[in-house]
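**Student:** Here it is, the structure, as structure tokens.
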Amino acid sequence: MKINGYIILFLCFGFTAFAQENLSYQKPSKSILDLVDYERAPSVSMDTKKEYMLLTYRNTYKSLDDLNQDEMRLGGLRINPTTNISSTVTYTNNIKLRKIKDKNEIQVSGLPANPQISNISWSPSEKKIAFSNTTNSGVALWVIDIASAKATQLTEDNVNANLGNPFSWYSDNENILVKMLPKNRAALLNDKKDLPTGPIVSNASGSISQNRTYQDLLKNKTDEANFENIVTAELYKVSLNGTKTLFKSADMYAGENFSPDGNYLMISTIQKPFSYIVPLNRFPSKTVIYDKNGNEIKVVNEVALNEIMPKGFMATRTGKRNMNWRNDEAATLYFVEALDGGNPENKVDFRDQVSQWKAPFDKNPTLILKTKQRYGGIIWGNENTAIAFDQWYDTRNTKTYLFNPSDATQTPKVISDRNSQDIYSDPGNFETIKNAYGKQVLAMENNNLYLLGSGFTKSGQFPFIDEFNLKSLKTNRLYTSTFKDKKEDLLSIEDYKKGEVLVRIQSKNEYPNYYFRNIKKKGQLTPITTFKSPFESIKNVYKEVIKYKRKDGVELSGTLYLPAGYDKVKKEKLPLLIWAYPAEFKDRNSAGQSDQNPNEFTFPSYGSFVYWVTKGYVVLDDAAFPIIGEGTTEPNDNFITQLVDNAEAAINAVDALGYINRKKVAVGGHSYGAFMTANLLTHSDLFACGIARSGAYNRTLTPFGFQSEQRNYWEAPEVYNAMSPFMNAKKMKTPMLLVHGEADNNPGTFTLQTERYFQALKGLGAPARMVILPKESHGYAAKENILHLLWEQDQFLEKHLKN
């Protein structure tokens with residue numbers, strides 16, 4: 001029998017001998033289909049003067065045909081080689097304008113036929129809007145004149161959009177710098193037809209090089225040649241009348257950025273050699289400053305191939321990094337350098353330093369700031385005022401500094417020192433305004449800065465506006481949202497003297513809409529938009545945030561949904577669906593905090609279980625699943641125990657309310673939530689079934705870390721093995737639906753993870769079903785696939801849970 005057992009395993013693993021179905025696409029039940037097949041409301045953006053509103057429309061879903069286009073995967077990119085733009089881009093298909101003070105929407109005229117719009121960009125004056133349109137053969141540049149609401153095509157469809165936004169506005173508002181395909185561009189190589197010229201060889205030099213798993217890397221010389229081909233472009237200066245002038249000849253342009261005054265241009269280019277083990281953001285690069293006429297001024301940075309990194313999340317490369325222009329000055333560069341060699345294990349007083357370099361860059365850079373932890377960003381104000389941040393992952397500490405960029409001898413003032421995971425202590429984000437250069441800088445009025453906070457507290461969410469005095473370093477509360485049955489988001493302060501604030505307000509059954517609130521006139525509200533809810537069929541479902549405790553006292557929460565009309569007196573025992581995603585914490589207090597608001601609009605998507613509240617299920621959505629490791633203990637040291645305790649606490653909490661049959665509980669999750677689901681079904685008897693989507697199940701295939709785990713497999717093999725559902729597949733006896741996208745692009749969750757895990761489960765006799773969605777990446781996009789996914793989940797739950 002033992003020999004036969006081995007033969008069976010050999011057949012399963014060696015020849016992937018499991019039953020497969022070529023099932024045609026199915027649609028879910030009508031109650032779910034009604035919610036899925038909705039019309040998407042437009043996305044909104046406004047000019048900084050709040051005179052015009054831009055409304056952009058797109059299809060709710062892509063089609064399978066959209067995903068079935070030609071695609072090349074090179075250096076971390078996924079490119080359509082026919083159109084020369086990312087194959088994963090989501091297009092806008094219509095644009096309208098509206099004066100904010102009017103209610104009538106203006107259809108932009110002259111738009112291309114069957115528009116596929118992306119890369120929307122306001123001009124510095126905010127009187128024009130540039131966008132790219134993708135045709136069947138390429139990408140073209142278009143411009144909208146806001147006053148006339150008319151669109152005009154500026155270029156042919158030969159724009160190179162393979163490396164993100166392909167154009168940048170000149171400060172004169174009359175010209176645009178555009179990346180175009182080289183005129184003498186060679187044809188792409190086809191490695192399926194061309195015979196290889198030799199083997200593929202990789203060397204290990206003996207130096208430690210611990211890289212996490214990356215998708216879509218270069219694999220051979222053909223890939224190298226094709227990568228260079230698709231990223232190479234020529235830079236052209238294109239005027240609004242359509243005149244084109246060659247600005248720079250062909251190169252691998254990775255980024256173009258004008259100085260605030262428009263007189264200088266920083267251009268970064270990708271250099272050789274390329275790498276087969278890291279993506280393009282770690283390839284060599286060179287950064288050069290030019291004047292606006294294209295004359296070279298200075299090579300300001302050269303970065304070598306970065307295949308070897310020190311260990312840890314706070315590791316960084318040596319040399320200049322984060323190079324950019326100061327928003328508050330005409331033409332001053334700033335950049336960061338590691339003082340610890342980029343190695344977080346080195347003991348130093350300061351981790352990073354920030355230097356600035358003023359045009360015309362004929363003098364040496366000058367030091368302006370040192371940070372005790374890893375640099376986390378700067379918000380510029382003026383020559384004497386700026387805000388800086390630093391952070392450290394192991395302690396979750398983040399600090400905010402007020403500093404004088406003109407005097408490095410002045411000690412920066414710490415104005416916030418907190419645990420980044422402690423959302424109840426979050427002081428908010430500093431408000432910015434547009435300066436004379438059209439760049440965002442700190443909003444300052446009478447020696448005051450302003451903070452807009454999310455306002456999470458133990459008793460609920462109450463967003464606020466604080467005034468921060470630069471002399472006293474004290475805050476004064478100007479406004480606190482007092483809604484109890486609605487959710488208010490504070491977006492920006494529009495007029496400091498008048499007290500006018502742009503806000504967005506919603507409730508669980510009222511679609512989010514925009515308003516102006518006057519905080520000096522008793523909170524007076526002036527509506528801007530009137531979008532209607534597309535989900536009328538679930539407006540009467542019951543929704544609340546419930547709070548409960550884990551057996552060790554950790555506070556937990558989740559958003560509970562009950563079917564419309566559910567009798568909370570009779571309390572019929574219904575099946576329960578739990579959707580969750582584990583999160584690592586270094587302290588119990590932060591782990592027990594809740595950022596859920598019961599007044600947030602109920603917006604079902606394919607990624608949740610909310611649909612099934614229409615079919616007689618109770619749903620606990622976004623259930624808290626903290627994994628805590630305090631002090632020297634890492635969160636994953638007790639991963640399984642805490643995972644099961646979280647699940648048990650959630651079931652107990654809903655069961656205590658009297659709503660469920662605790663023998664009919666299902667759990668589900670996506671990505672790390674799928675990993676969670678597989679472990680819960682393996683290591684507990686709490687669930688009748690589970691749904692795991694696009695997960696990783698064998699941690700030996702992510703040997704240099706995953707999620708927040710910084711130890712590699714050889715440092716903590718017992719942790720990796722204990723956490724891997726694949727290693728414990730023999731224990732798994734609970735029905736599970738495994739789903740994965742055929743073309744998963746997420747590091748660590750290769751489609752192979754689901755295929756091999758399913759093979760193990762089938763070979764060991766576990767009840768499982770595997771669904772591979774064609775053409776899909778880590779997140780699912782095609783309507784055909786999404787409808788079928790919902791059908792699969794519905795059929796699975798009806799079979800293994802409800803009945």
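For the structure tokens, the naming scheme is as follows: chains receive sequential letters (A, B, ...) according to their order of presentation, residues are indexed from 1 within each chain, and ligands are indexed from 1 in presentation order.
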Excluding same-chain residues fewer than 4 positions from Asp352 (chain A), what lies within 7 Å of it counting only C-alpha atoms, as a PDB file with N, CA and C atoms, in the first residue's frame?
**Tutor:**
ATOM      1  N   VAL A 336      18.967  62.710  -1.372  1.00  0.00           N
ATOM      2  CA  VAL A 336      19.222  62.031  -0.108  1.00  0.00           C
ATOM      3  C   VAL A 336      20.389  61.078  -0.279  1.00  0.00           C
ATOM      4  N   GLU A 337      21.187  60.922   0.779  1.00  0.00           N
ATOM      5  CA  GLU A 337      22.284  59.953   0.793  1.00  0.00           C
ATOM      6  C   GLU A 337      22.276  59.216   2.123  1.00  0.00           C
ATOM      7  N   ALA A 338      22.542  57.913   2.061  1.00  0.00           N
ATOM      8  CA  ALA A 338      22.604  57.105   3.279  1.00  0.00           C
ATOM      9  C   ALA A 338      23.920  57.342   4.005  1.00  0.00           C
ATOM     10  N   LEU A 339      23.838  57.539   5.315  1.00  0.00           N
ATOM     11  CA  LEU A 339      25.029  57.700   6.144  1.00  0.00           C
ATOM     12  C   LEU A 339      25.421  56.398   6.835  1.00  0.00           C
ATOM     13  N   LYS A 370      19.855  66.278   8.463  1.00  0.00           N
ATOM     14  CA  LYS A 370      20.190  64.882   8.760  1.00  0.00           C
ATOM     15  C   LYS A 370      19.014  64.268   9.512  1.00  0.00           C
ATOM     16  N   THR A 371      18.736  63.003   9.222  1.00  0.00           N
ATOM     17  CA  THR A 371      17.628  62.317   9.890  1.00  0.00           C
ATOM     18  C   THR A 371      18.156  61.127  10.685  1.00  0.00           C
ATOM     19  N   ARG A 374      15.341  56.499   8.688  1.00  0.00           N
ATOM     20  CA  ARG A 374      15.370  56.550   7.234  1.00  0.00           C
ATOM     21  C   ARG A 374      14.468  57.691   6.735  1.00  0.00           C
ATOM     22  N   TYR A 375      15.021  58.486   5.831  1.00  0.00           N
ATOM     23  CA  TYR A 375      14.306  59.630   5.245  1.00  0.00           C
ATOM     24  C   TYR A 375      12.941  59.199   4.713  1.00  0.00           C
TER      25      TYR A 375
END
**Student:** As a ChimeraX atom specification, please: every residue in region 609-739 of chain A that DSSP puts in helix (DSSP H, G or I).
**Tutor:** /A:610-615,635-656,672-683,699-701,717-723,725-731
**Student:** For those residues, write C-alpha atoms to a file as a PDB file, in the first residue's frame.
**Tutor:**
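Okay, this is what ended up in selection_1.pdb:
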ATOM      1  CA  VAL A 610     -21.105  41.773   0.313  1.00  0.00           C
ATOM      2  CA  TYR A 611     -23.084  40.469  -2.705  1.00  0.00           C
ATOM      3  CA  TRP A 612     -24.245  37.462  -0.717  1.00  0.00           C
ATOM      4  CA  VAL A 613     -26.162  39.548   1.790  1.00  0.00           C
ATOM      5  CA  THR A 614     -28.837  39.623  -0.982  1.00  0.00           C
ATOM      6  CA  LYS A 615     -28.978  35.813  -0.899  1.00  0.00           C
ATOM      7  CA  PRO A 635       4.649  38.585  14.367  1.00  0.00           C
ATOM      8  CA  ASN A 636       5.043  35.379  12.377  1.00  0.00           C
ATOM      9  CA  ASP A 637       6.515  33.463  15.326  1.00  0.00           C
ATOM     10  CA  ASN A 638       2.928  32.820  16.456  1.00  0.00           C
ATOM     11  CA  PHE A 639       1.144  33.286  13.153  1.00  0.00           C
ATOM     12  CA  ILE A 640      -1.074  30.185  13.156  1.00  0.00           C
ATOM     13  CA  THR A 641      -2.198  30.560  16.779  1.00  0.00           C
ATOM     14  CA  GLN A 642      -3.159  34.208  16.334  1.00  0.00           C
ATOM     15  CA  LEU A 643      -4.844  33.497  13.007  1.00  0.00           C
ATOM     16  CA  VAL A 644      -7.120  30.880  14.571  1.00  0.00           C
ATOM     17  CA  ASP A 645      -7.789  33.083  17.626  1.00  0.00           C
ATOM     18  CA  ASN A 646      -8.855  35.945  15.345  1.00  0.00           C
ATOM     19  CA  ALA A 647     -11.262  33.678  13.469  1.00  0.00           C
ATOM     20  CA  GLU A 648     -12.708  32.178  16.621  1.00  0.00           C
ATOM     21  CA  ALA A 649     -13.274  35.630  18.123  1.00  0.00           C
ATOM     22  CA  ALA A 650     -15.088  36.821  14.990  1.00  0.00           C
ATOM     23  CA  ILE A 651     -17.401  33.800  14.902  1.00  0.00           C
ATOM     24  CA  ASN A 652     -18.071  34.043  18.634  1.00  0.00           C
ATOM     25  CA  ALA A 653     -18.954  37.729  18.340  1.00  0.00           C
ATOM     26  CA  VAL A 654     -21.549  37.257  15.592  1.00  0.00           C
ATOM     27  CA  ASP A 655     -22.860  34.082  17.204  1.00  0.00           C
ATOM     28  CA  ALA A 656     -23.350  35.955  20.488  1.00  0.00           C
ATOM     29  CA  TYR A 672      -2.346  37.217   1.649  1.00  0.00           C
ATOM     30  CA  GLY A 673      -5.998  36.727   2.601  1.00  0.00           C
ATOM     31  CA  ALA A 674      -5.970  33.556   0.478  1.00  0.00           C
ATOM     32  CA  PHE A 675      -2.884  32.397   2.364  1.00  0.00           C
ATOM     33  CA  MET A 676      -4.822  33.103   5.569  1.00  0.00           C
ATOM     34  CA  THR A 677      -7.828  31.126   4.320  1.00  0.00           C
ATOM     35  CA  ALA A 678      -5.794  28.041   3.470  1.00  0.00           C
ATOM     36  CA  ASN A 679      -4.139  28.087   6.890  1.00  0.00           C
ATOM     37  CA  LEU A 680      -7.441  28.490   8.727  1.00  0.00           C
ATOM     38  CA  LEU A 681      -8.971  25.520   6.909  1.00  0.00           C
ATOM     39  CA  THR A 682      -5.818  23.511   7.607  1.00  0.00           C
ATOM     40  CA  HIS A 683      -5.345  24.291  11.281  1.00  0.00           C
ATOM     41  CA  ARG A 699       6.797  29.886   1.484  1.00  0.00           C
ATOM     42  CA  THR A 700       9.954  28.102   0.368  1.00  0.00           C
ATOM     43  CA  LEU A 701       9.175  29.659  -3.039  1.00  0.00           C
ATOM     44  CA  PRO A 717      12.917  27.471   8.398  1.00  0.00           C
ATOM     45  CA  GLU A 718      10.503  26.404  11.126  1.00  0.00           C
ATOM     46  CA  VAL A 719       8.479  29.611  10.617  1.00  0.00           C
ATOM     47  CA  TYR A 720       8.352  29.257   6.820  1.00  0.00           C
ATOM     48  CA  ASN A 721       7.393  25.577   7.018  1.00  0.00           C
ATOM     49  CA  ALA A 722       4.777  26.008   9.744  1.00  0.00           C
ATOM     50  CA  MET A 723       3.139  28.875   7.847  1.00  0.00           C
ATOM     51  CA  PRO A 725      -0.303  25.392   3.724  1.00  0.00           C
ATOM     52  CA  PHE A 726       1.496  23.327   1.086  1.00  0.00           C
ATOM     53  CA  MET A 727       3.726  21.763   3.765  1.00  0.00           C
ATOM     54  CA  ASN A 728       0.629  20.892   5.778  1.00  0.00           C
ATOM     55  CA  ALA A 729      -1.600  19.820   2.910  1.00  0.00           C
ATOM     56  CA  LYS A 730      -2.138  16.403   4.501  1.00  0.00           C
ATOM     57  CA  LYS A 731      -4.110  18.070   7.309  1.00  0.00           C
TER      58      LYS A 731
END
**Student:** Please compute the CA of Thr409 (chain A)-CA of Asp349 (chain A) distance, one decimal, in Å.
**Tutor:**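 We find that CA of Thr409 (chain A) and CA of Asp349 (chain A) lie 16.2 Å from each other.
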**Student:** What's the 7 Å shell around region 578-580 of chain A, counting only C-alpha atoms, without same-chain residues fewer than 6 positions away, as an MDAnalysis selection string?
**Tutor:** chainID A and resid 608:609 619:625 666:669 673
**Student:** Can you tell me which residues surround region 326-331 of chain A at a distance of at most 12 Å, considering only C-alpha atoms, apart from same-chain residues fewer than 5 positions away, and format the answer as an NGL selection string?
**Tutor:** :A and (171 or 257-266 or 289-292 or 354-361 or 377-386 or 405-406 or 432-443)
**Student:** Which neighbours of Tyr511 (chain A) fall inside 6 Å, counting only C-alpha atoms, when residues of the same chain fewer than 5 positions from it are skipped, and could you give them as a PDB file with N, CA and C atoms, in the first residue's frame?
**Tutor:**
ATOM      1  N   GLN A 506     -20.852  61.086   2.491  1.00  0.00           N
ATOM      2  CA  GLN A 506     -21.542  59.877   2.073  1.00  0.00           C
ATOM      3  C   GLN A 506     -22.195  59.230   3.276  1.00  0.00           C
ATOM      4  N   LYS A 532     -25.954  59.737  -8.102  1.00  0.00           N
ATOM      5  CA  LYS A 532     -26.942  58.824  -7.531  1.00  0.00           C
ATOM      6  C   LYS A 532     -26.322  57.452  -7.274  1.00  0.00           C
ATOM      7  N   SER A 533     -26.856  56.758  -6.298  1.00  0.00           N
ATOM      8  CA  SER A 533     -26.373  55.410  -5.990  1.00  0.00           C
ATOM      9  C   SER A 533     -26.805  54.428  -7.067  1.00  0.00           C
TER      10      SER A 533
END
**Student:** Write out as a list in words each polymer residue whose atoms come within 6 Å of region 228-233 of chain A, counting only C-alpha atoms; drop sequence neighbours fewer than 6 positions from it.
**Tutor:** Lys179, Met180, Leu181, Pro182, Ala250, Asp251 and Met252 of chain A
